[in-house]
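Student: Before we start, here is the structure in question, set down as structure tokens.
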Amino acid sequence: MRLTRIEIENFKGIGDRQEVELRPITLLFGPNSAGKSTILQALHYLREILERGNIDPDVTIAGGLIDLGGFATLVYNHERDRTVTIKVTMDLSDEQGADGLPLNGGLAMGEPEFSELPVRYLIGESAEYGDYAIVQTIAVQVDVRWSEFEQAPYVSRLAIELDGKPLAAIVSTPQEGRAQLADFNFDHPLLRRAVLPDDEPEDADDEMAASSPLEDEIWSLAREAAADRSTPDIPADRLRIAVDTENGALPELDRELVLGIRDPDVSKAELEERTPRVNGLRSLLSEMVLGPVRILRDHLAEMTYIGPLREIPSRSYRPQVSPGEARWAHGLAAWDFLYNDRSGALMQEVNQWLSDAGRLRTDYRLERVEYREVPVPGVFHQMFERGLTEDDLGDLQEIYESLPTRTEIALRDFNKGILVAPGDVGVGISQMVPVVVSALRKQDGVLAIEQPELHVHPAIQVGMGDLFIRAAQRDPDRLFSGKALLIETHSEHIMLRLLRRIRETTDDELPPGVTGLTADDLSVIYVEGSDDGVRFRPLRVDDEGEFRDRWPHGFFEERAGELF
């Protein structure tokens, strides 16, 4: 499961809509203050909306230097009459059959009203329909507008796509209680009647094959709600159903949609007869509309953000047992994980990358050092103060074992053969450890890193390219599906290593033990400012590791200029 595309409009320095293709490894290059962080900030904003319902955030869950300053600051040119739009597309092709996927409950829903809908076979192999109904991609678009009446932003539209086709949307005015489920695409393959291969109609215009049972059901059960034309923002020729929401068009995601399906002219007996059908409709719409939003919310909740300035652990450092999300931004969560790694598996893998000749090739490795602390005053201390006797010898072992212990993570300097504290070595090593730990940690989702090369020698930067390839790979034990790396950098060395691995993969010349990379796994984006706002320019790479597009404005040509 990965993010594959993000579209942004009227956010920060972006005016007109910009689309960015995201790959397992996406590198963001560009001049200082050009807007390279805008994509990261857009993901943080979307996470705030979906996870916390926070439409007007300043400091975010991710912490660090991410401070969005509220809607009035983040909207393009501070023009509050603009609509901020963020749309994210996700690839689910690796997650077919996952029990936790919210879209996998269709087999039992809405029977028998929706028994002919392919949505009943969303996840997993269907003996009848094969792969026909398996959802490969989802997309969620959130529009945020400013309400002059409320003097606050609100979600004006929440739109859902499945497999690249619009499905439906929730739209709302700023006033509470005016949200409606609308824009149904009844031509979507998942909303039309499923036809078995052996039952293909001779007439392509066959009514049963062409119609949508969901549309029939909505007209049947929601006549009053569907005919409500009181909201001018919705086209008059579209069906609409009133829906309960928390903020504009944003519903509560952890419960089923509360639909305004009611008819005052219907008798109590008829209403009771309708109830199972209404419940089936509500369950189906909840699954198809809220399911993709929940998937995206949970995926963004796994995002790890490493900021450009990572803190160095102090000599009296005490790790947090449950590291807060914001501690990753400053790098301290990485040290927390190392301290709490009782099995030593994580530290062993980190050390392999730090010290192996074919990897980062530093002169250091991490070591866990245990200390026993003697309380002063205390029984152990008092025995030595007064002088030991033969009668004390039997008690010493027991008292020693009861002494409290303290753990420190130190660095072994190979050249000098000594242990040193993280603060006693060059800044580059301490800056690099959080990057290595976050890359190796078995955690799905987006790994966003700003300036991983900060204070790091070029020879080590080259090795970081291989580290990022490793981080993007699916775990061989399938414990996680691999990260999507979003790297904001100025490092030519990281990029050159990635290009080399693409070339070696194509030519089948990878060194032993080295993981390959294909051109389809790498996205290089050049970010530049213009009078119309930030622009994202993709620089295509071919199978030989060569750029098919020229770098703008002589970027990375300084070396040639100095040499020649």
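Labels used: A, B, ... for chains in the order of the structure tokens, numbers from 1 for residues in each chain, and numbers from 1 for ligands as shown.
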Would you mind listing what lies within 8 Å of Met464 of chain A as a PDB file with all heavy atoms, in the first residue's frame, with only C-alpha atoms counted and same-chain residues fewer than 5 positions away left out?
Tutor:
ATOM      1  N   ARG A 359      28.533  -0.258   2.707  1.00  0.00           N
ATOM      2  CA  ARG A 359      27.362   0.543   3.047  1.00  0.00           C
ATOM      3  C   ARG A 359      27.785   1.972   3.409  1.00  0.00           C
ATOM      4  O   ARG A 359      28.337   2.673   2.582  1.00  0.00           O
ATOM      5  CB  ARG A 359      26.574  -0.154   4.148  1.00  0.00           C
ATOM      6  CG  ARG A 359      26.042  -1.521   3.645  1.00  0.00           C
ATOM      7  CD  ARG A 359      25.218  -2.271   4.631  1.00  0.00           C
ATOM      8  NE  ARG A 359      24.678  -3.491   4.029  1.00  0.00           N
ATOM      9  CZ  ARG A 359      23.935  -4.378   4.653  1.00  0.00           C
ATOM     10  NH1 ARG A 359      23.626  -4.200   5.933  1.00  0.00           N
ATOM     11  NH2 ARG A 359      23.488  -5.452   4.025  1.00  0.00           N
ATOM     12  N   LEU A 360      27.573   2.384   4.679  1.00  0.00           N
ATOM     13  CA  LEU A 360      27.887   3.773   5.018  1.00  0.00           C
ATOM     14  C   LEU A 360      29.354   3.982   5.366  1.00  0.00           C
ATOM     15  O   LEU A 360      29.839   5.105   5.331  1.00  0.00           O
ATOM     16  CB  LEU A 360      26.990   4.230   6.183  1.00  0.00           C
ATOM     17  CG  LEU A 360      25.485   4.225   5.866  1.00  0.00           C
ATOM     18  CD1 LEU A 360      24.677   4.566   7.103  1.00  0.00           C
ATOM     19  CD2 LEU A 360      25.158   5.200   4.743  1.00  0.00           C
ATOM     20  N   ILE A 494      23.625  11.329  -3.246  1.00  0.00           N
ATOM     21  CA  ILE A 494      22.542  10.371  -3.057  1.00  0.00           C
ATOM     22  C   ILE A 494      21.912  10.031  -4.400  1.00  0.00           C
ATOM     23  O   ILE A 494      21.674   8.860  -4.725  1.00  0.00           O
ATOM     24  CB  ILE A 494      21.492  10.935  -2.082  1.00  0.00           C
ATOM     25  CG1 ILE A 494      22.073  11.045  -0.674  1.00  0.00           C
ATOM     26  CG2 ILE A 494      20.246  10.065  -2.080  1.00  0.00           C
ATOM     27  CD1 ILE A 494      21.141  11.710   0.325  1.00  0.00           C
TER      28      ILE A 494
END
Student: I need the residues of segment 14-75 of chain A that end up classed as strand (DSSP E or B) by DSSP on the backbone, written out as a list of chain:residue names.
Tutor: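 Put together, the selection reads A:Ile14, A:Gln18, A:Glu19, A:Val20, A:Glu21, A:Ile25, A:Thr26, A:Leu27, A:Leu28, A:Phe29, A:Val59, A:Asp67, A:Val75.
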Student: Point out the residue among A:Leu22, A:Met347, A:Met495, A:Ala519 with the least atom-to-atom distance to Ala410 of chain A, counting only C-alpha atoms.
Tutor: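 Checking each of A:Leu22, A:Met347, A:Met495, A:Ala519 against Ala410 of chain A, counting only C-alpha atoms, the winner is A:Met347.
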Student: Have a look at atom CA of Met383 of chain A and atom CA of Ser316 of chain A and let me know their distance in Å, one decimal.
Tutor: 27.6 Å
Student: List as an NGL selection string the protein and nucleic acid residues near segment 532-540 of chain A, meaning an atom at most 8 Å away when only C-alpha atoms are counted, but skip any in the same chain fewer than 6 places from it.
Tutor: :A and (13-16 or 18-20 or 34-35 or 523-526 or 547-551)
Student: For the residues in the current selection, export all heavy atoms as a CSV table (one decimal), in the first residue's frame.
Tutor:
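Final output, selection-v2.csv:
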chain,number,residue,atom,x,y,z
A,13,GLY,N,2.7,28.0,-1.1
A,13,GLY,CA,3.2,28.7,-2.3
A,13,GLY,C,2.6,28.2,-3.6
A,13,GLY,O,2.9,28.8,-4.7
A,14,ILE,N,1.7,27.3,-3.6
A,14,ILE,CA,1.1,26.7,-4.8
A,14,ILE,C,-0.2,27.4,-5.1
A,14,ILE,O,-1.1,27.4,-4.2
A,14,ILE,CB,0.9,25.2,-4.6
A,14,ILE,CG1,2.2,24.5,-4.4
A,14,ILE,CG2,0.1,24.6,-5.8
A,14,ILE,CD1,2.1,23.0,-4.1
A,15,GLY,N,-0.4,27.9,-6.3
A,15,GLY,CA,-1.6,28.5,-6.7
A,15,GLY,C,-2.4,27.5,-7.5
A,15,GLY,O,-3.3,26.8,-7.0
A,16,ASP,N,-2.1,27.5,-8.9
A,16,ASP,CA,-2.8,26.6,-9.7
A,16,ASP,C,-2.5,25.1,-9.3
A,16,ASP,O,-1.4,24.9,-8.8
A,16,ASP,CB,-2.3,26.8,-11.2
A,16,ASP,CG,-2.8,28.2,-11.7
A,16,ASP,OD1,-3.7,28.7,-11.1
A,16,ASP,OD2,-2.1,28.7,-12.6
A,18,GLN,N,-1.1,21.6,-8.8
A,18,GLN,CA,0.1,20.9,-9.2
A,18,GLN,C,-0.1,19.4,-8.9
A,18,GLN,O,-0.6,19.1,-7.8
A,18,GLN,CB,1.3,21.5,-8.4
A,18,GLN,CG,1.6,22.9,-8.7
A,18,GLN,CD,2.2,23.1,-10.1
A,18,GLN,OE1,3.3,22.6,-10.3
A,18,GLN,NE2,1.5,23.9,-10.9
A,19,GLU,N,0.4,18.6,-9.8
A,19,GLU,CA,0.3,17.1,-9.6
A,19,GLU,C,1.7,16.6,-9.5
A,19,GLU,O,2.6,16.9,-10.3
A,19,GLU,CB,-0.4,16.5,-10.8
A,19,GLU,CG,-1.9,17.0,-11.0
A,19,GLU,CD,-2.5,16.3,-12.1
A,19,GLU,OE1,-1.9,15.4,-12.7
A,19,GLU,OE2,-3.7,16.7,-12.5
A,20,VAL,N,1.9,15.7,-8.5
A,20,VAL,CA,3.2,15.1,-8.3
A,20,VAL,C,3.1,13.6,-8.2
A,20,VAL,O,2.3,13.1,-7.4
A,20,VAL,CB,3.9,15.6,-7.0
A,20,VAL,CG1,5.2,14.9,-6.8
A,20,VAL,CG2,4.1,17.1,-7.1
A,34,ALA,N,12.4,27.5,-2.2
A,34,ALA,CA,11.6,27.4,-3.5
A,34,ALA,C,10.2,26.7,-3.2
A,34,ALA,O,9.3,26.8,-4.0
A,34,ALA,CB,12.4,26.5,-4.5
A,35,GLY,N,10.1,26.0,-2.1
A,35,GLY,CA,8.8,25.4,-1.8
A,35,GLY,C,8.9,23.9,-1.7
A,35,GLY,O,7.9,23.2,-1.9
A,523,SER,N,11.4,8.8,-8.5
A,523,SER,CA,10.8,10.0,-9.0
A,523,SER,C,11.7,11.2,-8.6
A,523,SER,O,12.0,11.3,-7.4
A,523,SER,CB,9.4,10.2,-8.5
A,523,SER,OG,8.9,11.5,-8.9
A,524,VAL,N,12.2,11.9,-9.5
A,524,VAL,CA,13.0,13.1,-9.2
A,524,VAL,C,12.2,14.4,-9.6
A,524,VAL,O,11.8,14.5,-10.7
A,524,VAL,CB,14.4,13.1,-9.9
A,524,VAL,CG1,15.2,14.3,-9.6
A,524,VAL,CG2,15.1,11.8,-9.6
A,525,ILE,N,12.0,15.2,-8.6
A,525,ILE,CA,11.1,16.4,-8.8
A,525,ILE,C,12.0,17.6,-8.5
A,525,ILE,O,12.6,17.8,-7.5
A,525,ILE,CB,9.9,16.4,-7.9
A,525,ILE,CG1,9.1,15.1,-8.0
A,525,ILE,CG2,9.0,17.6,-8.2
A,525,ILE,CD1,8.5,14.9,-9.3
A,526,TYR,N,12.0,18.5,-9.5
A,526,TYR,CA,12.7,19.8,-9.3
A,526,TYR,C,11.6,20.9,-9.0
A,526,TYR,O,10.6,21.0,-9.7
A,526,TYR,CB,13.4,20.2,-10.6
A,526,TYR,CG,14.2,21.5,-10.4
A,526,TYR,CD1,15.4,21.5,-9.8
A,526,TYR,CD2,13.6,22.7,-10.9
A,526,TYR,CE1,16.1,22.7,-9.6
A,526,TYR,CE2,14.3,23.9,-10.7
A,526,TYR,CZ,15.6,23.9,-10.1
A,526,TYR,OH,16.3,25.1,-9.9
A,547,PHE,N,19.2,11.0,-17.2
A,547,PHE,CA,18.0,11.9,-17.2
A,547,PHE,C,17.6,12.1,-18.6
A,547,PHE,O,18.4,12.4,-19.5
A,547,PHE,CB,18.4,13.2,-16.5
A,547,PHE,CG,18.3,13.1,-15.0
A,547,PHE,CD1,19.5,13.0,-14.3
A,547,PHE,CD2,17.1,13.1,-14.4
A,547,PHE,CE1,19.5,13.0,-12.9
A,547,PHE,CE2,17.1,13.0,-13.0
A,547,PHE,CZ,18.2,12.9,-12.2
A,548,ARG,N,16.3,12.0,-18.9
A,548,ARG,CA,15.7,12.3,-20.2
A,548,ARG,C,15.4,13.8,-20.3
A,548,ARG,O,15.1,14.3,-21.4
A,548,ARG,CB,14.5,11.4,-20.4
A,548,ARG,CG,14.8,9.9,-20.4
A,548,ARG,CD,13.5,9.1,-20.3
A,548,ARG,NE,12.6,9.4,-21.4
A,548,ARG,CZ,11.3,8.9,-21.5
A,548,ARG,NH1,10.9,8.2,-20.5
A,548,ARG,NH2,10.6,9.2,-22.5
A,549,ASP,N,15.3,14.5,-19.1
A,549,ASP,CA,15.0,15.9,-19.1
A,549,ASP,C,16.2,16.7,-18.6
A,549,ASP,O,16.9,16.2,-17.7
A,549,ASP,CB,13.8,16.2,-18.3
A,549,ASP,CG,12.6,15.4,-18.7
A,549,ASP,OD1,12.2,15.6,-19.9
A,549,ASP,OD2,12.1,14.6,-17.9
A,550,ARG,N,16.4,17.9,-19.1
A,550,ARG,CA,17.5,18.7,-18.7
A,550,ARG,C,17.2,19.3,-17.3
A,550,ARG,O,16.0,19.7,-17.0
A,550,ARG,CB,17.8,19.8,-19.7
A,550,ARG,CG,18.3,19.3,-21.0
A,550,ARG,CD,18.5,20.5,-21.9
A,550,ARG,NE,19.4,21.5,-21.4
A,550,ARG,CZ,20.8,21.5,-21.5
A,550,ARG,NH1,21.3,20.5,-22.2
A,550,ARG,NH2,21.5,22.4,-21.0
A,551,TRP,N,18.2,19.5,-16.5
A,551,TRP,CA,18.0,20.1,-15.2
A,551,TRP,C,17.9,21.6,-15.4
A,551,TRP,O,18.6,22.2,-16.2
A,551,TRP,CB,19.3,19.9,-14.3
A,551,TRP,CG,19.3,18.6,-13.6
A,551,TRP,CD1,19.7,17.4,-14.1
A,551,TRP,CD2,18.7,18.3,-12.3
A,551,TRP,NE1,19.5,16.4,-13.2
A,551,TRP,CE2,18.9,16.9,-12.1
A,551,TRP,CE3,18.2,19.1,-11.3
A,551,TRP,CZ2,18.5,16.3,-10.9
A,551,TRP,CZ3,17.8,18.4,-10.1
A,551,TRP,CH2,18.0,17.1,-10.0
Student: Enumerate, in order of chain and increasing residue number, the residues of segment 352-374 of chain A with an atom no farther than 12 Å from segment 425-448 of chain A, each with its shortest atom pair and distance in Å to one decimal, counting only C-alpha atoms, as a tab-separated table.
Tutor:
residue	atom	partner	partner_atom	distance
A:Gln352	CA	A:Val436	CA	10.6
A:Trp353	CA	A:Val436	CA	7.8
A:Leu354	CA	A:Val436	CA	8.3
A:Ser355	CA	A:Ile429	CA	11.7
A:Arg359	CA	A:Val436	CA	11.3
A:Leu360	CA	A:Val436	CA	9.8
A:Arg361	CA	A:Ile429	CA	11.4
A:Thr362	CA	A:Ile429	CA	8.3
A:Asp363	CA	A:Ile429	CA	9.8
A:Tyr364	CA	A:Ile429	CA	8.5
A:Arg365	CA	A:Ile429	CA	10.1
A:Leu366	CA	A:Val433	CA	9.7
Student: Keeping only all heavy atoms, write the selected residues as a CSV table (one decimal), in the first residue's frame.
Tutor:
chain,number,residue,atom,x,y,z
A,352,GLN,N,25.3,-2.8,11.1
A,352,GLN,CA,25.8,-3.3,9.8
A,352,GLN,C,25.8,-2.2,8.8
A,352,GLN,O,26.8,-2.1,8.0
A,352,GLN,CB,24.8,-4.4,9.4
A,352,GLN,CG,25.0,-5.7,10.2
A,352,GLN,CD,23.9,-6.7,9.8
A,352,GLN,OE1,23.0,-6.4,9.0
A,352,GLN,NE2,24.1,-7.9,10.2
A,353,TRP,N,24.8,-1.3,8.9
A,353,TRP,CA,24.8,-0.2,7.9
A,353,TRP,C,25.9,0.9,8.3
A,353,TRP,O,26.5,1.5,7.4
A,353,TRP,CB,23.4,0.4,7.8
A,353,TRP,CG,22.6,-0.3,6.9
A,353,TRP,CD1,21.7,-1.3,7.2
A,353,TRP,CD2,22.5,-0.2,5.5
A,353,TRP,NE1,21.1,-1.8,6.1
A,353,TRP,CE2,21.6,-1.1,5.0
A,353,TRP,CE3,23.1,0.7,4.6
A,353,TRP,CZ2,21.2,-1.2,3.6
A,353,TRP,CZ3,22.8,0.6,3.2
A,353,TRP,CH2,21.9,-0.4,2.8
A,354,LEU,N,26.1,1.1,9.5
A,354,LEU,CA,27.1,2.1,9.9
A,354,LEU,C,28.5,1.7,9.6
A,354,LEU,O,29.3,2.6,9.2
A,354,LEU,CB,27.0,2.4,11.5
A,354,LEU,CG,25.8,3.2,11.9
A,354,LEU,CD1,25.8,3.3,13.5
A,354,LEU,CD2,25.8,4.6,11.3
A,355,SER,N,28.8,0.4,9.8
A,355,SER,CA,30.2,0.0,9.7
A,355,SER,C,30.6,-0.8,8.5
A,355,SER,O,31.8,-0.8,8.2
A,355,SER,CB,30.6,-0.8,11.0
A,355,SER,OG,29.7,-1.9,11.1
A,359,ARG,N,28.5,-0.3,2.7
A,359,ARG,CA,27.4,0.5,3.0
A,359,ARG,C,27.8,2.0,3.4
A,359,ARG,O,28.3,2.7,2.6
A,359,ARG,CB,26.6,-0.2,4.1
A,359,ARG,CG,26.0,-1.5,3.6
A,359,ARG,CD,25.2,-2.3,4.6
A,359,ARG,NE,24.7,-3.5,4.0
A,359,ARG,CZ,23.9,-4.4,4.7
A,359,ARG,NH1,23.6,-4.2,5.9
A,359,ARG,NH2,23.5,-5.5,4.0
A,360,LEU,N,27.6,2.4,4.7
A,360,LEU,CA,27.9,3.8,5.0
A,360,LEU,C,29.4,4.0,5.4
A,360,LEU,O,29.8,5.1,5.3
A,360,LEU,CB,27.0,4.2,6.2
A,360,LEU,CG,25.5,4.2,5.9
A,360,LEU,CD1,24.7,4.6,7.1
A,360,LEU,CD2,25.2,5.2,4.7
A,361,ARG,N,30.0,2.9,5.8
A,361,ARG,CA,31.5,3.0,6.0
A,361,ARG,C,31.9,4.0,7.0
A,361,ARG,O,32.9,4.7,6.7
A,361,ARG,CB,32.2,3.1,4.6
A,361,ARG,CG,32.0,2.0,3.7
A,361,ARG,CD,32.8,2.2,2.4
A,361,ARG,NE,32.3,3.4,1.7
A,361,ARG,CZ,32.9,3.9,0.6
A,361,ARG,NH1,34.0,3.3,0.1
A,361,ARG,NH2,32.4,5.0,0.0
A,362,THR,N,31.2,4.2,8.1
A,362,THR,CA,31.7,5.1,9.1
A,362,THR,C,32.7,4.3,10.0
A,362,THR,O,32.9,3.1,9.8
A,362,THR,CB,30.6,5.6,10.0
A,362,THR,OG1,30.1,4.5,10.8
A,362,THR,CG2,29.5,6.1,9.2
A,363,ASP,N,33.4,4.9,10.9
A,363,ASP,CA,34.3,4.3,11.8
A,363,ASP,C,33.7,4.1,13.2
A,363,ASP,O,34.4,3.9,14.2
A,363,ASP,CB,35.6,5.2,12.0
A,363,ASP,CG,36.4,5.2,10.7
A,363,ASP,OD1,36.4,4.2,9.9
A,363,ASP,OD2,36.9,6.3,10.4
A,364,TYR,N,32.4,3.9,13.2
A,364,TYR,CA,31.7,3.8,14.5
A,364,TYR,C,30.6,2.7,14.4
A,364,TYR,O,30.1,2.3,13.3
A,364,TYR,CB,31.0,5.1,14.9
A,364,TYR,CG,31.9,6.3,15.1
A,364,TYR,CD1,32.3,7.1,14.1
A,364,TYR,CD2,32.5,6.5,16.3
A,364,TYR,CE1,33.1,8.2,14.3
A,364,TYR,CE2,33.4,7.5,16.6
A,364,TYR,CZ,33.7,8.4,15.5
A,364,TYR,OH,34.6,9.4,15.7
A,365,ARG,N,30.3,2.1,15.6
A,365,ARG,CA,29.2,1.3,15.8
A,365,ARG,C,28.6,1.5,17.1
A,365,ARG,O,29.3,2.0,18.1
A,365,ARG,CB,29.6,-0.2,15.6
A,365,ARG,CG,30.6,-0.7,16.7
A,365,ARG,CD,30.9,-2.2,16.5
A,365,ARG,NE,29.7,-3.0,16.9
A,365,ARG,CZ,29.1,-3.8,16.0
A,365,ARG,NH1,29.4,-3.8,14.7
A,365,ARG,NH2,28.1,-4.5,16.4
A,366,LEU,N,27.3,1.3,17.3
A,366,LEU,CA,26.6,1.5,18.5
A,366,LEU,C,26.8,0.4,19.5
A,366,LEU,O,26.9,-0.8,19.1
A,366,LEU,CB,25.1,1.7,18.3
A,366,LEU,CG,24.7,2.9,17.4
A,366,LEU,CD1,23.3,2.8,17.0
A,366,LEU,CD2,25.0,4.2,18.1
Student: Counting only C-alpha atoms, give me one row per residue of segment 289-356 of chain A with an atom at most 12 Å from an atom of segment 244-250 of chain A, showing the shortest contact pair and its distance in Å to one decimal, sorted by chain then residue number, as a Markdown table.
Tutor:
| residue | atom | partner | partner_atom | distance |
| --- | --- | --- | --- | --- |
| A:Val289 | CA | A:Leu250 | CA | 11.4 |
| A:Leu290 | CA | A:Leu250 | CA | 10.0 |
| A:Val293 | CA | A:Leu250 | CA | 10.1 |
| A:Arg294 | CA | A:Leu250 | CA | 11.9 |
Student: Considering only C-alpha atoms, return as an NGL selection string whatever protein or nucleic-acid residues lie within 9 Å of segment 153-162 of chain A, sequence-local ones (same chain, fewer than 2 positions apart) excluded.
Tutor: :A and (49 or 55-56 or 71-72 or 80 or 83 or 87 or 89 or 135-148 or 150-151 or 164-174 or 179 or 183 or 188 or 190 or 247-250 or 288-290 or 292-293)
Student: I'd like to know which of A:Lys483, A:Arg2, A:Arg503, A:His455 is closest to Thr304 of chain A, using only C-alpha atoms.
Tutor: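 That would be A:Lys483, the residue with the smallest distance to Thr304 of chain A.
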Student: Of the residues A:Ile409, A:Leu40, A:Ile460, A:Val258, which is the one nearest to Leu338 of chain A, using only C-alpha atoms?
Tutor: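 Residue with the minimum atom-to-atom distance to Leu338 of chain A: A:Ile409.
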Student: What is the distance between atom CA of Lys12 of chain A and atom CA of Tyr76 of chain A, in Å to one decimal?
Tutor: 5.0 Å
Student: Quote the spacing between atom CA of Glu48 of chain A and atom CA of Thr60 of chain A in Å to one decimal place.
Tutor: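 Those two atoms sit 6.9 Å apart.
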